[in-house]
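Undergrad: Pasting a structure here, questions to come.
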Amino acid sequence: MGGSRPPGTWLQGVHPPGTRQGSAACPSRFTQSPWPRLALVTPSVPAMASPLAQPRGRASPARPRHRSANPPGTRAPTVPMVSLEGLVATALAGLGLLAWRLWAGRLELPGDWGEEEEEGIPFITEDGCGHCRLLCKPSALAQHLVRSLGRSAVLWGGCWPWPRWPRLQMLRQLLQLPEPQPAVARELLQLHDTGLVALDWLVGPWGAAGGGLGGPNPVLLLIPNAAGKVTGELLQLGLRALEQGFVPVVFNRRGHNGCPLTTPRLQPFGDPGDLREVVTYLRCRHPAAPLLAVSEGSGSGLLLAYLGESGSSSRLAAAACISPIFRARDWFEAGMPWLYEWPLLLHLKRGLSRYAGSLAVAVDVDGLLGSRSLRELEEALFCQTKSRPTGWETYWERNEPLRDADEAAVPVLCLCSADDPVRGPPARSLPLELFRSSPYFFLLLSRRGGHCGFPRRGPGCCWGHEAVLEYFRAMAEFLRAEERRKGLPRARRLGGPSVEPPVFTWQRSYTR
């Protein structure tokens with residue numbers, strides 16, 4: 001990029017603390033993190049006096065002596081005798097409990113649509129499966145999306161497996177790995193406060209299939225859930241995008257997914273400061289390519305907050321949210337299914353324990369690692385800090401995802417399911433009034449699909465991924481038609497000089 005450098009410093013080849021020294025592009029003072037790893041120390045167990053000592057003055061019968069492997073003055077360990085029948089009974093009881101909880105999850109969410117059933121534009125297959133509705137404010141863009149999704153075969157495929165088992169779909173989404181495993185090239189981006197975030201570029205196993213969308217290949221920014229867990233479904237979406245000509249890159253927050261933590265500060269739930277610097281860097285690196293963003297699950301809170309705060313200067317052409325969490329505070333307070341909460345809680349604790357010594361100057365590490373829910377961990381990290389403690393209500397005034405939703409000026413497709421066991425019932429978890437009034441928010445609501453699952457039979461395990469990519473293609477067609485209609489300058493004209501495209505070309509008039 002010549003002599004200029006983007007607002008964030010691009011550090012190549014930066015490794016976690018304690019691996020390799022830095023290079024000319026990355027000084028060693030950045031590779032050698034001042035925050036030490038957690039050291040586990042095993043305390044010594046003092047010897048205990050035997051409670052079986054005989055009282056003085058009383059003779060004991062003579063017994064044959066034998067050598068003992070235990071130290072003098074200690075009790076021999078008692079080995080419990082567990083029969084094979086006991087192990088089988090315990091295993092059957094555990095399986096029965098799991099089956100009961102899964103069946104309870106099936107009965108809790110029968111898939112009733114309620115108020116939103118009568119709204120929106122329906123997409124119904126011939127056999128009755130795959131019932132979806134598009135709820136949005138009438139506009140020219142909405143009509144174009146209806147035509148594009150109606151022509152596509154994405155919403156008209158075969159029946160989906162496990163239609164009434166949303167918890168099984170959720171468990172599969174958290175545990176399944178993509179096939180084949182993608183090849184990833186990692187970059188570390190230094191932020192203004194010397195913090196680091198990681199960008200994982202998906203470079204294989206397939207190469208980009210060419211433009212296909214008109215102009216340079218669009219850059220697709222993938223945002224994982226708030227716990228930083230990159231699920232197999234998210235990687236599968238990146239691989240599908242790579243096949244179709246996108247340039248996918250995964251955004252990893254500070255201290256998440258192996259990203260080094262160089263400051264005793266993590267990113268709050270709805271603070272878009274780090275994401276703003278990442279988008280600015282991507283724009284500087286790919287000045288002529290459209291920038292797109294898609295988020296998964298609770299990670300949508302970060303994307304929605306960024307779109308609301310940035311407004312028309314977000315530098316994104318379009319965005320999509322898969323199973324988003326709209327009301328984050330209510331979501332934390334209501335509690336979550338244990339099949340979803342426990343894996344993410346353990347994932348977060350394992351990553352934070354690596355920097356326990358460094359975080360001790362800012363938070364109570366014992367309370368942090370002893371959290372029994374995601375809410376307790378969120379409070380320990382961002383509310384009960386040692387320097388600037390804040391209340392739970394004040395924290396969410398600054399981090400609620402939809403606090404500035406009225407200022408959003410980028411089209412956003414929200415793909416949701418009525419039987420989502422993580423988000424909760426649609427009546428109280430979906431902001432239907434937002435989709436009725438804003439020309440930029442589109443709700444594609446499915447009767448079945450679980451949380452970030454949307455499984456189907458046939459090629460491609462998730463029809464939601466195909467719907468999101470079809471939405472981005474429709475947006476590209478709509479923007480090109482608007483450019484031709486309004487005579488906006490193209491990046492290159494045949495036989496003429498190169499014209500630099502505007503940084504942001506989306507305007508509110510497009511949705512009139």
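Going through the structure tokens in order, the chains are called A, B, and so on, while each chain numbers its residues from 1 and the ligands are numbered from 1 in the order shown.
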Please identify all polymer residues within 10 Å of A:Leu141, counting only C-alpha atoms, omitting same-chain residues fewer than 3 positions from it, and present them as a ChimeraX atom specification.
TA: /A:137-138,144-147,411,439-440,474-475,478-479,510-512
Undergrad: Could you give me, as a list of chain:residue names, the residues within 10 Å of A:Glu433, counting only C-alpha atoms and dropping anything in the same chain fewer than 3 positions from it?
TA: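 Contacts, with the query itself left out: A:Cys136, A:Lys137, A:Leu430, A:Arg436, A:Ser437, A:Ser438.
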Undergrad: Go ahead and dump the residues you just picked, N, CA and C atoms, as an mmCIF file, in the first residue's frame.
TA:
data_model
loop_
_atom_site.group_PDB
_atom_site.id
_atom_site.type_symbol
_atom_site.label_atom_id
_atom_site.label_comp_id
_atom_site.auth_asym_id
_atom_site.auth_seq_id
_atom_site.Cartn_x
_atom_site.Cartn_y
_atom_site.Cartn_z
ATOM 1 N N CYS A 136 -40.432 -7.625 6.750
ATOM 2 C CA CYS A 136 -39.661 -6.406 6.514
ATOM 3 C C CYS A 136 -40.623 -5.292 6.126
ATOM 4 N N LYS A 137 -40.093 -4.099 6.057
ATOM 5 C CA LYS A 137 -40.851 -2.942 5.595
ATOM 6 C C LYS A 137 -40.877 -2.935 4.074
ATOM 7 N N LEU A 430 -37.859 -11.609 19.803
ATOM 8 C CA LEU A 430 -37.701 -11.007 18.483
ATOM 9 C C LEU A 430 -38.266 -9.589 18.490
ATOM 10 N N ARG A 436 -40.657 -4.160 11.205
ATOM 11 C CA ARG A 436 -41.798 -3.511 10.550
ATOM 12 C C ARG A 436 -41.496 -2.071 10.144
ATOM 13 N N SER A 437 -40.648 -1.383 10.908
ATOM 14 C CA SER A 437 -40.457 0.058 10.718
ATOM 15 C C SER A 437 -39.167 0.422 10.001
ATOM 16 N N SER A 438 -38.111 -0.370 10.147
ATOM 17 C CA SER A 438 -36.813 -0.006 9.554
ATOM 18 C C SER A 438 -36.676 -0.613 8.166
#
Undergrad: Quick one: residues within 12 Å of A:Gly258, only C-alpha atoms counted, chain neighbours fewer than 5 positions away excluded, as a PyMOL selection string?
TA: chain A and resi 14-17+186-188+196-200+228-230+251-253+347-348+350-352+354-355
Undergrad: So that I can check the secondary structure, give me every residue of stretch 246-474 of chain A assigned strand (DSSP E) by backbone DSSP, as a PyMOL selection string.
TA: chain A and resi 247-252+291-296+318-322+412-417+441-446
Undergrad: Of the candidates A:Glu333, A:Asp404, A:Glu296, A:Asp420, which shows the shortest atom-to-atom distance to A:His451, using only C-alpha atoms?
TA: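 Of A:Glu333, A:Asp404, A:Glu296, A:Asp420, the one nearest A:His451 is A:Asp420, counting only C-alpha atoms.
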Undergrad: Atom CA of A:Leu339 and atom CA of A:Ser373 are how many Å apart?
TA: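 If I compute the distance from atom CA of A:Leu339 to atom CA of A:Ser373, I get 12.1 Å.
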